[in-house]
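*Asks:* Quick one: this structure, given as structure tokens, is what I'll be asking you about.
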Amino acid sequence: KREISEAMGQTAVSVSDSSEALLNEDKEESNDDESFENYPDFSWDTLPLYMHVRKIESFSDEELKFLSKFPLVTLEKTTEMGTYGSTDVGSIKSAEKIKEYNANAKVLFYWNCIINYTYYSFQKELDDHEDWFLKDKTTGEDVEVHRGNRKLFDLSQPEVQKWWIDKATGVCDHPSIDGLFIDAITDVVSPTYLTNVANISDEKKTEVVKGWNEMMSDIQEALVQKKKLKVANVLRALLSDSGLSYLHYFDGSYLERFEDHDVEYLEKGIAAAQQAAQSKKILALTMRLCDSSDDEVDFDDMRKLQPRIDYCIGLFLIIAEKYSYLYIHDGYDVNTDSDGKCKSKVWLKR
């Protein structure tokens, strides 16, 4: 962390010198270009912000008004499923209510490209398709990840690809859903995840990656026709080219775990993000303010967190272009505990 801070310090002068130019860049640029007509609203008048959130029960009116102020919102898995029974129905209901406050807010539906989260109304359709999941090459049993309770789709099968696309486009057909947030790209394309963690063969991995590319090409075509957004968790410095070679499938990338490793890792991530942003791709940079479980942090006096906030904003301004957005957070979970306290200490604060 100290090395990263020092590296940021070395760029502080350039950030300071260029911040005014960044804040005024593209203000006068037309938004009439058809290529970007379904993009989120954007302005440098204030810091452009992103929101990524999950809550099992219904959002309150106060929370919905808060969410409606963000130009781009991803509703995570489990959204309002406690009220409506599933993530897809809950996401649609939440999006409808958000748009009652701000019709221009862009709301994305979370859909994982390989991990089978069982929080959806169409989950039962998979009961008769046990062969649609990847099998461990040693045991022949279903591959299970995330503490042994999540199966992985076998994307080498055209039937699996079609099912995944049909469910995604079905939700996106709702007028209040503006597009997809596609997660777990790195689990598919990373050098080691499928072979080491999922324990499938190199040959099978090649087939799965090929199927994933076919599926991404098809969903891209389908959502372009529907004028819906495609934002993915795709840019990550752990990949050889940071994921840039896959970015053509999507309108933009969500960015997380930007500081996971050393300075070289951070620099590689910055370079990839800059290249994407300069290509008019949407960027949604998420950075942790701190851990919400840290009892030593005084969340009532945000001034003590100002150095971290300044650091996050500085890093964002280094990569940001038009259609770049920032979310500084202490976790995406805004559910309440048994005492009625929100798990996020900074929820509803800006």
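Chain labels run A, B, ... following the order of the structure tokens; each chain numbers its residues from 1, and ligands are numbered from 1 in the order shown.
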If you run DSSP on the backbone, which residues of stretch 116-213 of chain A are strand (DSSP E), as a list of chain:residue names?

*Replies:*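 Of stretch 116-213 of chain A, only A:Asn116, A:Glu144, A:Val145, A:Arg150, A:Lys151, A:Leu152, A:Gly179, A:Leu180, A:Phe181, A:Ile182, A:Asp183 fall in strand (DSSP E).
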
*Asks:* Go ahead and save the picked residues with N, CA, C and O atoms, as a short mmCIF file (atom, residue, chain, number, x, y, z; two decimals), in the first residue's frame.

*Replies:*
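Written out: out-v8.cif:
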data_model
loop_
_atom_site.label_atom_id
_atom_site.label_comp_id
_atom_site.auth_asym_id
_atom_site.auth_seq_id
_atom_site.Cartn_x
_atom_site.Cartn_y
_atom_site.Cartn_z
N ASN A 116 -23.52 -20.84 -11.85
CA ASN A 116 -24.97 -20.97 -11.75
C ASN A 116 -25.45 -20.56 -10.35
O ASN A 116 -25.53 -21.38 -9.44
N GLU A 144 -17.92 -27.90 -8.44
CA GLU A 144 -18.60 -27.00 -7.52
C GLU A 144 -17.59 -26.03 -6.93
O GLU A 144 -16.53 -26.44 -6.46
N VAL A 145 -17.92 -24.76 -6.99
CA VAL A 145 -17.03 -23.71 -6.50
C VAL A 145 -17.77 -22.90 -5.44
O VAL A 145 -18.92 -23.16 -5.11
N ARG A 150 -21.83 -24.05 -5.84
CA ARG A 150 -22.14 -23.39 -7.09
C ARG A 150 -21.59 -24.21 -8.26
O ARG A 150 -20.39 -24.45 -8.34
N LYS A 151 -22.47 -24.62 -9.15
CA LYS A 151 -22.05 -25.35 -10.33
C LYS A 151 -21.63 -24.38 -11.43
O LYS A 151 -22.00 -23.21 -11.41
N LEU A 152 -20.90 -24.92 -12.40
CA LEU A 152 -20.43 -24.11 -13.53
C LEU A 152 -21.08 -24.61 -14.82
O LEU A 152 -21.07 -25.81 -15.10
N GLY A 179 -30.05 -3.10 -19.67
CA GLY A 179 -29.00 -3.94 -20.19
C GLY A 179 -28.50 -4.93 -19.17
O GLY A 179 -29.07 -5.10 -18.09
N LEU A 180 -27.39 -5.58 -19.54
CA LEU A 180 -26.81 -6.64 -18.72
C LEU A 180 -25.52 -6.20 -18.05
O LEU A 180 -24.71 -5.48 -18.66
N PHE A 181 -25.32 -6.68 -16.83
CA PHE A 181 -24.02 -6.69 -16.20
C PHE A 181 -23.56 -8.14 -16.22
O PHE A 181 -24.17 -9.00 -15.57
N ILE A 182 -22.53 -8.46 -17.00
CA ILE A 182 -22.07 -9.83 -17.18
C ILE A 182 -20.83 -10.04 -16.32
O ILE A 182 -19.82 -9.38 -16.49
N ASP A 183 -20.92 -11.01 -15.40
CA ASP A 183 -19.85 -11.22 -14.43
C ASP A 183 -19.06 -12.49 -14.72
O ASP A 183 -19.48 -13.35 -15.50
#

*Asks:* Using only C-alpha atoms, determine which residues lie at most 9 Å from stretch 119-136 of chain A, disregarding the query and same-chain residues fewer than 3 positions distant; provide the list as a list in words.

*Replies:* Lys77, Thr78, Met81, Gly85, Ser86, Thr87, Asp88, Val89, Asn116, Thr139, Gly140, Glu141, Asp142, Val143, Glu144, Lys151, Leu152, Phe153, Asp154, Leu155, Gln157, Glu159, Val160, Lys167, Ala198, Asn199, Ile200 and Ser201 of chain A

*Asks:* Show which residues sit within 12 Å of stretch 92-94 of chain A, as a VMD selection string. Count only C-alpha atoms, and ignore same-chain residues fewer than 2 positions away.

*Replies:* chain A and resid 53 to 61 63 to 65 67 to 68 73 to 76 78 to 81 83 to 90 96 to 101 107 to 110 170 to 179

*Asks:* Can you pull out every residue from stretch 58-236 of chain A that DSSP, working from the backbone, puts in helix (DSSP H, G or I), and format the result as a PyMOL selection string?

*Replies:* chain A and resi 61-67+81-84+87-101+123-126+130-132+158-172+185-189+193-197+202-225

*Asks:* Using only C-alpha atoms, determine which residues lie at most 6 Å from stretch 251-258 of chain A, disregarding the query and same-chain residues fewer than 3 positions distant; provide the list as a list in words.

*Replies:*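 Non-adjacent residues within range: Lys230, Val231, Ala232, Asn233, Val234, Lys281, Ile282, Leu283, Ala284, Leu285 and Thr286 of chain A.
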
*Asks:* Quick one: write out the picked residues with N, CA and C atoms as a short mmCIF file (atom, residue, chain, number, x, y, z; two decimals), in the first residue's frame?

*Replies:*
data_model
loop_
_atom_site.label_atom_id
_atom_site.label_comp_id
_atom_site.auth_asym_id
_atom_site.auth_seq_id
_atom_site.Cartn_x
_atom_site.Cartn_y
_atom_site.Cartn_z
N LYS A 230 -24.37 -3.43 -22.57
CA LYS A 230 -23.62 -4.64 -22.21
C LYS A 230 -22.36 -4.19 -21.47
N VAL A 231 -22.38 -4.32 -20.15
CA VAL A 231 -21.24 -3.96 -19.32
C VAL A 231 -20.77 -5.23 -18.63
N ALA A 232 -19.46 -5.47 -18.64
CA ALA A 232 -18.94 -6.74 -18.12
C ALA A 232 -17.80 -6.51 -17.15
N ASN A 233 -17.62 -7.47 -16.27
CA ASN A 233 -16.46 -7.50 -15.38
C ASN A 233 -15.34 -8.17 -16.17
N VAL A 234 -14.68 -7.40 -17.03
CA VAL A 234 -13.76 -7.99 -18.01
C VAL A 234 -12.33 -7.49 -17.90
N LYS A 281 -15.39 3.55 -24.24
CA LYS A 281 -16.04 2.49 -23.50
C LYS A 281 -16.46 3.01 -22.13
N ILE A 282 -17.60 2.52 -21.64
CA ILE A 282 -18.03 2.83 -20.29
C ILE A 282 -17.07 2.19 -19.30
N LEU A 283 -16.66 2.94 -18.29
CA LEU A 283 -15.87 2.39 -17.20
C LEU A 283 -16.60 2.63 -15.88
N ALA A 284 -16.73 1.58 -15.09
CA ALA A 284 -17.33 1.69 -13.76
C ALA A 284 -16.29 1.22 -12.75
N LEU A 285 -15.51 2.16 -12.23
CA LEU A 285 -14.43 1.85 -11.30
C LEU A 285 -14.98 1.79 -9.88
N THR A 286 -14.77 0.64 -9.22
CA THR A 286 -15.17 0.49 -7.83
C THR A 286 -13.93 0.36 -6.96
#

*Asks:* Residues within 9 Å of A:Lys205, please, as a list in words. Count only C-alpha atoms; anything in the same chain fewer than 3 positions from it doesn't count.

*Replies:*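 Surrounding residues, per the criterion: Ser156, Val188, Val189, Leu194, Thr195, Ile200, Ser201, Asp202, Val208, Val209 and Lys210 of chain A.
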
*Asks:* Enter the distance from atom CA of A:Glu62 to atom CA of A:Tyr332, in Å, rounded to one decimal.

*Replies:*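 About the pair atom CA of A:Glu62 and atom CA of A:Tyr332: they are 17.3 Å apart.
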
*Asks:* Of the candidates A:Ser43, A:Gln306, A:Ser190, A:Thr206, which one gets nearest to A:Lys322 if we count only C-alpha atoms?

*Replies:*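 Once distances to A:Lys322 are computed over only C-alpha atoms, the minimum belongs to A:Ser43.
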